[in-house]
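Text of input.txt (compact mmCIF, C-alpha atoms) as supplied:
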```txt
# COMPACT_ATOMS: atom_id res chain seq x y z
CA ILE A 1 -15.25 22.63 -20.02
CA VAL A 2 -13.82 21.58 -23.37
CA PHE A 3 -15.45 18.56 -24.97
CA ILE A 4 -14.62 16.86 -28.28
CA SER A 5 -16.65 14.19 -30.08
CA LEU A 6 -14.87 12.11 -32.73
CA PRO A 7 -16.88 9.68 -34.87
CA VAL A 8 -14.93 6.61 -35.94
CA LEU A 9 -15.17 7.83 -39.54
CA VAL A 10 -13.13 10.93 -38.68
CA ILE A 11 -10.43 8.85 -36.99
CA ASN A 12 -10.21 6.45 -39.92
CA LYS A 13 -9.89 9.30 -42.43
CA VAL A 14 -6.97 10.97 -40.60
CA PRO A 15 -5.26 8.18 -38.64
CA GLU A 16 -2.00 10.16 -38.42
CA ALA A 17 -3.80 12.74 -36.29
CA TYR A 18 -5.25 10.12 -33.93
CA ALA A 19 -2.57 7.45 -33.91
CA ARG A 20 -3.47 5.94 -30.56
CA LEU A 21 -7.22 5.87 -31.24
CA SER A 22 -6.81 4.34 -34.69
CA ALA A 23 -4.54 1.66 -33.19
CA VAL A 24 -7.44 0.39 -31.07
CA GLU A 25 -9.00 -1.99 -33.58
CA TYR A 26 -11.94 -3.21 -31.48
CA PRO A 27 -12.58 -0.64 -28.73
CA ARG A 28 -14.79 -1.59 -25.80
CA VAL A 29 -17.48 0.76 -24.55
CA GLY A 30 -15.89 2.77 -21.77
CA GLU A 31 -12.32 2.17 -22.97
CA LYS A 32 -10.09 5.21 -22.45
CA VAL A 33 -7.12 6.33 -24.54
CA LEU A 34 -4.79 9.28 -23.96
CA GLU A 35 -3.98 10.93 -27.31
CA TRP A 36 -1.05 13.14 -28.30
CA ASP A 37 -3.34 16.18 -28.43
CA GLY A 38 -3.64 16.15 -24.63
CA PHE A 39 -7.21 14.82 -24.55
CA LEU A 40 -8.41 11.70 -22.80
CA TYR A 41 -10.90 9.92 -25.08
CA THR A 42 -13.59 7.48 -24.00
CA PHE A 43 -15.32 5.12 -26.44
CA GLU A 44 -19.09 5.55 -26.19
CA ALA A 45 -22.01 3.28 -27.00
CA ASN A 46 -22.89 5.43 -30.04
CA ASN A 47 -19.67 4.29 -31.75
CA SER A 48 -17.75 7.52 -31.22
CA TRP A 49 -14.95 8.80 -28.99
CA THR A 50 -15.54 11.70 -26.63
CA GLY A 51 -12.57 13.59 -25.25
CA VAL A 52 -11.87 15.94 -22.37
CA PRO A 53 -8.61 17.71 -21.45
CA ALA A 54 -6.36 15.21 -19.70
CA THR A 55 -5.67 16.97 -16.41
CA ASP A 56 -3.45 15.32 -13.79
CA ALA A 57 -6.53 14.51 -11.70
CA ILE A 58 -8.36 12.88 -14.64
CA ILE A 59 -5.33 10.77 -15.59
CA ALA A 60 -4.82 9.65 -11.98
CA GLN A 61 -8.50 8.78 -11.60
CA THR A 62 -8.43 6.77 -14.83
CA ILE A 63 -5.40 4.81 -13.65
CA GLU A 64 -7.15 4.05 -10.36
CA ASP A 65 -10.24 2.92 -12.28
CA ASN A 66 -7.94 0.59 -14.26
CA ILE A 67 -6.69 -1.16 -11.11
CA ASP A 68 -8.61 -4.44 -10.95
CA ASP A 69 -8.52 -5.85 -7.41
CA SER A 70 -11.49 -8.21 -7.83
CA ALA A 71 -9.31 -11.35 -7.59
CA LEU A 72 -7.75 -10.46 -4.23
CA ASP A 73 -8.54 -12.30 -1.02
CA PRO A 74 -10.98 -10.52 1.32
CA CYS A 75 -8.40 -8.81 3.57
CA PRO A 76 -6.12 -7.25 0.91
CA LYS A 77 -9.18 -6.45 -1.20
CA GLU A 78 -10.77 -4.59 1.71
CA VAL A 79 -7.50 -2.72 2.28
CA MET A 80 -7.25 -1.80 -1.40
CA GLN A 81 -10.85 -0.59 -1.54
CA GLN A 82 -10.23 1.65 1.44
CA LEU A 83 -7.09 3.03 -0.17
CA LYS A 84 -9.14 3.90 -3.26
CA ASN A 85 -11.92 5.55 -1.29
CA THR A 86 -10.21 7.79 1.24
CA THR A 87 -11.00 11.47 0.80
CA ASN A 88 -7.85 13.55 0.53
CA ALA A 89 -4.97 11.11 0.11
CA ASP A 90 -6.31 8.15 -1.84
CA ILE A 91 -4.55 6.34 -4.69
CA VAL A 92 -5.65 9.07 -7.11
CA ASN A 93 -3.94 11.76 -5.07
CA VAL A 94 -0.78 9.68 -4.61
CA LEU A 95 -0.47 9.23 -8.38
CA LYS A 96 -1.31 12.88 -9.03
CA LYS A 97 1.36 14.07 -6.57
CA LEU A 98 3.96 11.81 -8.17
CA GLY A 99 3.11 13.07 -11.66
CA ALA A 100 1.55 10.04 -13.36
CA SER A 101 1.00 11.03 -17.00
CA SER A 102 0.17 7.86 -18.97
CA ILE A 103 -2.84 5.58 -18.92
CA TYR A 104 -2.09 1.98 -17.97
CA THR A 105 -3.81 -1.03 -16.41
CA VAL A 106 -2.99 -2.99 -13.27
CA ASN A 107 -4.36 -6.45 -12.51
CA MET A 108 -4.04 -7.62 -8.89
CA VAL A 109 -3.98 -11.37 -8.25
CA MET A 110 -3.21 -13.84 -5.47
CA GLU A 111 -0.07 -15.60 -6.68
CA PRO A 112 3.21 -16.77 -5.10
CA ALA A 113 5.72 -13.93 -4.88
CA ALA A 114 9.24 -13.32 -3.64
CA THR A 115 7.81 -11.21 -0.81
CA TYR A 116 4.29 -10.23 0.28
CA ALA A 117 3.64 -8.41 -3.00
CA GLU A 118 5.54 -7.80 -6.22
CA THR A 119 4.83 -6.13 -9.55
CA GLN A 120 5.57 -7.55 -12.99
CA ARG A 121 5.36 -6.02 -16.46
CA ILE A 122 3.07 -8.13 -18.66
CA SER A 123 3.20 -5.89 -21.72
CA LYS A 124 3.49 -2.21 -22.48
CA TYR A 125 1.28 -0.26 -20.05
CA ASN A 126 -0.06 -3.51 -18.62
CA TYR A 127 1.17 -4.67 -15.20
CA GLU A 128 0.34 -7.34 -12.66
CA ILE A 129 0.62 -7.06 -8.88
CA ARG A 130 0.99 -10.48 -7.28
CA VAL A 131 0.04 -10.84 -3.63
CA ASP A 132 1.24 -13.94 -1.78
CA ARG A 133 -1.34 -15.25 0.69
CA ASP A 134 1.24 -17.48 2.42
CA GLN A 135 3.74 -14.76 3.33
CA TYR A 136 3.54 -12.26 6.20
CA THR A 137 0.30 -13.84 7.34
CA ASN A 138 0.50 -12.02 10.69
CA GLY A 139 1.23 -8.66 9.11
CA THR A 140 -1.13 -5.87 10.07
CA LYS A 141 -3.60 -4.24 7.70
CA LEU A 142 -1.37 -1.17 7.84
CA PHE A 143 1.53 -3.26 6.58
CA LYS A 144 -0.63 -4.58 3.75
CA ALA A 145 -1.71 -1.04 2.90
CA THR A 146 1.95 0.04 2.85
CA ALA A 147 2.92 -2.85 0.58
CA LEU A 148 -0.02 -2.35 -1.81
CA ILE A 149 0.55 1.39 -2.22
CA HIS A 150 4.22 0.67 -2.80
CA GLU A 151 3.35 -1.79 -5.56
CA VAL A 152 0.89 0.63 -7.16
CA ILE A 153 3.74 3.16 -7.26
CA HIS A 154 6.01 0.39 -8.59
CA ALA A 155 3.58 -0.04 -11.49
CA TYR A 156 3.65 3.72 -12.11
CA PHE A 157 7.45 3.63 -12.24
CA LEU A 158 7.22 0.81 -14.80
CA SER A 159 5.01 3.08 -16.92
CA ILE A 160 7.84 5.63 -16.93
CA VAL A 161 10.09 2.93 -18.41
CA ASP A 162 7.46 2.34 -21.08
CA ASP A 163 7.02 6.10 -21.69
CA TYR A 164 10.64 6.81 -22.39
CA ASN A 165 11.79 3.44 -23.69
CA TYR A 166 14.24 3.57 -20.81
CA THR A 167 16.53 0.54 -20.96
CA PRO A 168 17.10 -0.93 -17.51
CA SER A 169 20.16 -3.06 -16.85
CA THR A 170 17.97 -6.09 -16.17
CA ALA A 171 14.92 -7.55 -17.90
CA LEU A 172 12.93 -7.12 -14.66
CA PRO A 173 14.27 -3.89 -13.14
CA ASN A 174 14.32 -3.70 -9.37
CA PHE A 175 12.72 -0.91 -7.40
CA PRO A 176 15.92 1.14 -6.87
CA GLU A 177 16.49 1.17 -10.62
CA LEU A 178 12.89 2.17 -11.24
CA PHE A 179 13.21 4.94 -8.69
CA GLU A 180 16.18 6.19 -10.71
CA ALA A 181 13.96 6.27 -13.81
CA TYR A 182 11.44 8.35 -11.84
CA VAL A 183 14.15 10.83 -10.84
CA LEU A 184 15.37 11.05 -14.44
CA LYS A 185 11.85 11.71 -15.69
CA THR A 186 11.48 14.69 -13.38
CA ASN A 187 15.09 15.85 -13.71
CA PRO A 188 16.45 14.76 -17.12
CA ASP A 189 19.89 16.15 -16.35
CA SER A 190 20.12 14.28 -13.06
CA ASN A 191 22.68 11.56 -12.42
CA ASN A 192 23.75 9.39 -9.54
CA LYS A 193 26.01 12.11 -8.14
CA GLN A 194 23.21 14.64 -7.75
CA ASP A 195 21.87 13.44 -4.43
CA ALA A 196 19.81 16.59 -3.90
CA GLN A 197 17.46 15.68 -6.78
CA HIS A 198 17.11 12.13 -5.51
CA LYS A 199 16.28 13.45 -2.04
CA VAL A 200 13.62 15.77 -3.43
CA MET A 201 11.98 12.88 -5.28
CA ALA A 202 12.28 10.59 -2.24
CA ASP A 203 10.63 13.22 -0.05
CA LYS A 204 7.80 13.60 -2.59
CA TYR A 205 7.28 9.82 -2.61
CA VAL A 206 7.34 9.67 1.21
CA ALA A 207 4.99 12.64 1.65
CA ALA A 208 2.40 11.24 -0.77
CA MET A 209 2.55 7.74 0.66
CA ALA A 210 2.62 8.77 4.33
CA SER A 211 -0.46 10.98 3.90
CA ALA A 212 -2.35 8.11 2.24
CA LEU A 213 -1.35 5.70 5.01
CA GLN A 214 -2.37 8.07 7.80
CA GLU A 215 -5.76 8.74 6.22
CA TYR A 216 -6.25 5.03 5.59
CA ASP A 217 -5.38 4.23 9.23
CA ALA A 218 -7.62 7.07 10.46
CA ASN A 219 -5.70 7.25 13.74
CA TYR A 220 -4.59 10.84 14.20
CA THR A 221 -3.30 10.17 17.71
CA ILE A 222 -0.33 8.44 16.09
CA PRO A 223 2.58 10.75 15.16
CA HIS A 224 2.89 11.36 11.42
CA GLN A 225 6.51 10.21 11.73
CA VAL A 226 5.27 6.63 12.04
CA TYR A 227 3.68 6.77 8.59
CA GLU A 228 6.70 8.52 7.15
CA ASP A 229 8.88 5.71 8.51
CA LEU A 230 6.67 3.13 6.81
CA ALA A 231 6.93 5.04 3.54
CA TRP A 232 10.71 5.29 3.85
CA GLY A 233 10.74 1.53 4.45
CA GLY A 234 9.76 1.07 0.81
CA LEU A 235 12.87 3.01 -0.22
CA SER A 236 15.24 1.21 2.14
CA GLU A 237 17.15 -0.47 -0.71
CA THR A 238 17.73 2.73 -2.66
CA PRO A 239 21.06 4.58 -2.45
CA ILE A 240 19.34 7.78 -1.31
CA PHE A 241 18.01 5.98 1.78
CA ALA A 242 21.53 5.01 2.84
CA LYS A 243 22.74 8.56 2.23
CA THR A 244 19.85 10.09 4.15
CA TYR A 245 19.91 7.52 6.96
CA PRO A 246 23.37 5.91 7.09
CA PRO A 247 23.41 2.17 7.94
CA GLY A 248 23.41 1.64 11.70
CA SER A 249 22.16 5.16 12.44
CA PHE A 250 19.36 5.63 14.97
CA GLU A 251 16.91 6.69 12.24
CA SER A 252 17.79 3.84 9.91
CA ILE A 253 17.23 1.24 12.62
CA ARG A 254 14.00 2.91 13.76
CA ILE A 255 12.57 2.95 10.22
CA LYS A 256 13.48 -0.67 9.55
CA ASN A 257 12.12 -1.77 12.94
CA ARG A 258 8.82 0.03 12.29
CA TYR A 259 8.44 -1.64 8.90
CA ALA A 260 9.37 -5.02 10.36
CA ALA A 261 6.98 -4.67 13.31
CA GLU A 262 3.99 -4.04 11.04
CA SER A 263 5.04 -6.86 8.70
CA VAL A 264 5.20 -9.53 11.43
CA GLY A 265 2.59 -8.18 13.83
CA PHE A 266 4.72 -8.02 16.98
CA SER A 267 7.29 -5.73 18.59
CA VAL A 268 10.75 -5.47 17.05
CA GLY A 269 13.85 -4.16 18.81
CA SER A 270 12.48 -4.62 22.30
CA GLY A 271 14.77 -3.25 25.01
CA THR A 272 16.42 -0.73 22.66
CA PRO A 273 15.68 2.96 22.05
CA GLN A 274 14.50 2.07 18.55
CA ALA A 275 11.92 -0.50 19.71
CA GLN A 276 8.76 -0.41 17.60
CA THR A 277 5.37 -1.97 18.35
CA PRO A 278 2.79 -2.46 15.59
CA ILE A 279 -0.04 0.05 15.57
CA GLY A 280 -2.01 -1.59 12.76
CA LYS A 281 -4.83 -4.06 13.28
CA PRO A 282 -4.67 -7.72 12.23
CA CYS A 283 -6.78 -8.96 9.34
CA ASN A 284 -8.89 -11.25 11.51
```
Would you kindly transcribe this structure into structure tokens?
Amino acid sequence: IVFISLPVLVINKVPEAYARLSAVEYPRVGEKVLEWDGFLYTFEANNSWTGVPATDAIIAQTIEDNIDDSALDPCPKEVMQQLKNTTNADIVNVLKKLGASSIYTVNMVMEPAATYAETQRISKYNYEIRVDRDQYTNGTKLFKATALIHEVIHAYFLSIVDDYNYTPSTALPNFPELFEAYVLKTNPDSNNKQDAQHKVMADKYVAAMASALQEYDANYTIPHQVYEDLAWGGLSETPIFAKTYPPGSFESIRIKNRYAAESVGFSVGSGTPQAQTPIGKPCN
């Protein structure tokens, strides 16, 4: 274990070596900062910073710790707490699998949104997830879990924009555009014509999210395909989804019906081979 202690005096004497620490004018006890030297520093009560090597697991855990869900209504808050506390596929593991590498904060609030939940950039490395209590009121807990994980990943994709000063075509980039930024981060030479790279990244997203959903649901009698379909539902507006599951194909309809069934709480596509019945439980 490598451990570094940095008194404030040291940081003030060589600010160029600790640019991010010296930029924090009034640090709070417990505040964490990721420095260029690859260490994650925590401000301690004795007025010094202590640092440990910033492994993927430590960064992911810090991001999860920075997700404030205290303002959520009871049902989404319960769902979010469960997503944080599962054993093998919690939020930490989702972020670690996707390669989260910067520290940022997420504040979750109950506010009107365009859909059940949406994510907004407030400032650099500071994001807000708004959950609308008046939309999808009959959606299952599994739907809410799907939407909340998706928005947590949305916030991570926004951090990539902040990391690389990526310039989206709109002031509030949509999810497909953010997914493109994620692909470019992992494959800098990628472009829209290289569908193979987009498919690899989509599969990584789906695998991480589906595992988290299945562990959250704790129902291993349900085929894993169901959770994969819910994860793909979050990518349904991306070009790679249409290329992987062409519009009107059996798989495309099945995936969209599964997502819709969980979101409204009743069967969708009844009488067709792609009929889907919700497996999640209602909030009340």
Interatomic distance (Å, one decimal) between atom CA of A:Ser252 and atom CA of A:Ser270: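 If I compute the distance from atom CA of A:Ser252 to atom CA of A:Ser270, I get 15.9 Å.
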Please list, as a CSV table (one decimal) with C-alpha atoms, keeping the file's coordinate frame, the residues that have an atom at most 7 Å away from (-8.9, -5.2, -12.2) in the coordinates of this file, counting only C-alpha atoms.
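Written out: result-v9.csv:
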```
chain,number,residue,atom,x,y,z
A,66,ASN,CA,-7.9,0.6,-14.3
A,67,ILE,CA,-6.7,-1.2,-11.1
A,68,ASP,CA,-8.6,-4.4,-11.0
A,69,ASP,CA,-8.5,-5.8,-7.4
A,70,SER,CA,-11.5,-8.2,-7.8
A,106,VAL,CA,-3.0,-3.0,-13.3
A,107,ASN,CA,-4.4,-6.4,-12.5
A,108,MET,CA,-4.0,-7.6,-8.9
```
Interatomic distance (Å, one decimal) between atom CA of A:Gln81 and atom CA of A:Ala207: 20.9 Å
Enumerate, as a PyMOL selection string, the protein, DNA and RNA residues whose atoms approach (4.0, -6.1, -5.2) to within 7 Å, taking into account all atoms listed in the file and the coordinate frame of the file. chain A and resi 116-119+129-131+147-148+151
Find, counting only C-alpha atoms, the residue in A:Lys204, A:Leu34, A:Gln274, A:Leu142 that gets nearest to A:Asn219. A:Leu142
Using only C-alpha atoms, can you tell me which of A:Met110, A:Ala54, A:Val94, A:Val33 comes closest to A:Pro76?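 Among the listed residues, the smallest separation from A:Pro76 belongs to A:Met110.
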At a cut-off of 9 Å, using all atoms listed in the file, what residues contact stretch 259-268 of chain A? Leave out same-chain residues fewer than 6 positions from it and give the result as an MDAnalysis selection string. chainID A and resid 136:144 229:234 274:282
How about saving the chosen residues, C-alpha atoms kept, as a PDB file, keeping the file's coordinate frame?
```pdb
ATOM      1  CA  TYR A 136       3.540 -12.260   6.200  1.00  0.00           C
ATOM      2  CA  THR A 137       0.300 -13.840   7.340  1.00  0.00           C
ATOM      3  CA  ASN A 138       0.500 -12.020  10.690  1.00  0.00           C
ATOM      4  CA  GLY A 139       1.230  -8.660   9.110  1.00  0.00           C
ATOM      5  CA  THR A 140      -1.130  -5.870  10.070  1.00  0.00           C
ATOM      6  CA  LYS A 141      -3.600  -4.240   7.700  1.00  0.00           C
ATOM      7  CA  LEU A 142      -1.370  -1.170   7.840  1.00  0.00           C
ATOM      8  CA  PHE A 143       1.530  -3.260   6.580  1.00  0.00           C
ATOM      9  CA  LYS A 144      -0.630  -4.580   3.750  1.00  0.00           C
ATOM     10  CA  ASP A 229       8.880   5.710   8.510  1.00  0.00           C
ATOM     11  CA  LEU A 230       6.670   3.130   6.810  1.00  0.00           C
ATOM     12  CA  ALA A 231       6.930   5.040   3.540  1.00  0.00           C
ATOM     13  CA  TRP A 232      10.710   5.290   3.850  1.00  0.00           C
ATOM     14  CA  GLY A 233      10.740   1.530   4.450  1.00  0.00           C
ATOM     15  CA  GLY A 234       9.760   1.070   0.810  1.00  0.00           C
ATOM     16  CA  GLN A 274      14.500   2.070  18.550  1.00  0.00           C
ATOM     17  CA  ALA A 275      11.920  -0.500  19.710  1.00  0.00           C
ATOM     18  CA  GLN A 276       8.760  -0.410  17.600  1.00  0.00           C
ATOM     19  CA  THR A 277       5.370  -1.970  18.350  1.00  0.00           C
ATOM     20  CA  PRO A 278       2.790  -2.460  15.590  1.00  0.00           C
ATOM     21  CA  ILE A 279      -0.040   0.050  15.570  1.00  0.00           C
ATOM     22  CA  GLY A 280      -2.010  -1.590  12.760  1.00  0.00           C
ATOM     23  CA  LYS A 281      -4.830  -4.060  13.280  1.00  0.00           C
ATOM     24  CA  PRO A 282      -4.670  -7.720  12.230  1.00  0.00           C
TER      25      PRO A 282
END
```
Name all residues at most 7 Å from A:Val29 (count only C-alpha atoms; drop same-chain ones fewer than 3 positions away) and give them as a VMD selection string. chain A and resid 43 to 45
For A:Gln225, which residue out of A:Glu111, A:Ala202, A:Glu251, A:Tyr245 is the nearest one, using only C-alpha atoms?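 Among the listed residues, A:Glu251 lies closest to A:Gln225.
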Minimum-distance residue to A:Ala155, chosen among A:Phe241, A:Asn187, A:Glu64, A:Asp132 (using all atoms listed in the file):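 Residue with the minimum atom-to-atom distance to A:Ala155: A:Glu64.
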So how many Å separate atom CA of A:Thr50 and atom CA of A:Tyr125, to one decimal?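 Rounded to one decimal, the two atoms are 21.7 Å apart.
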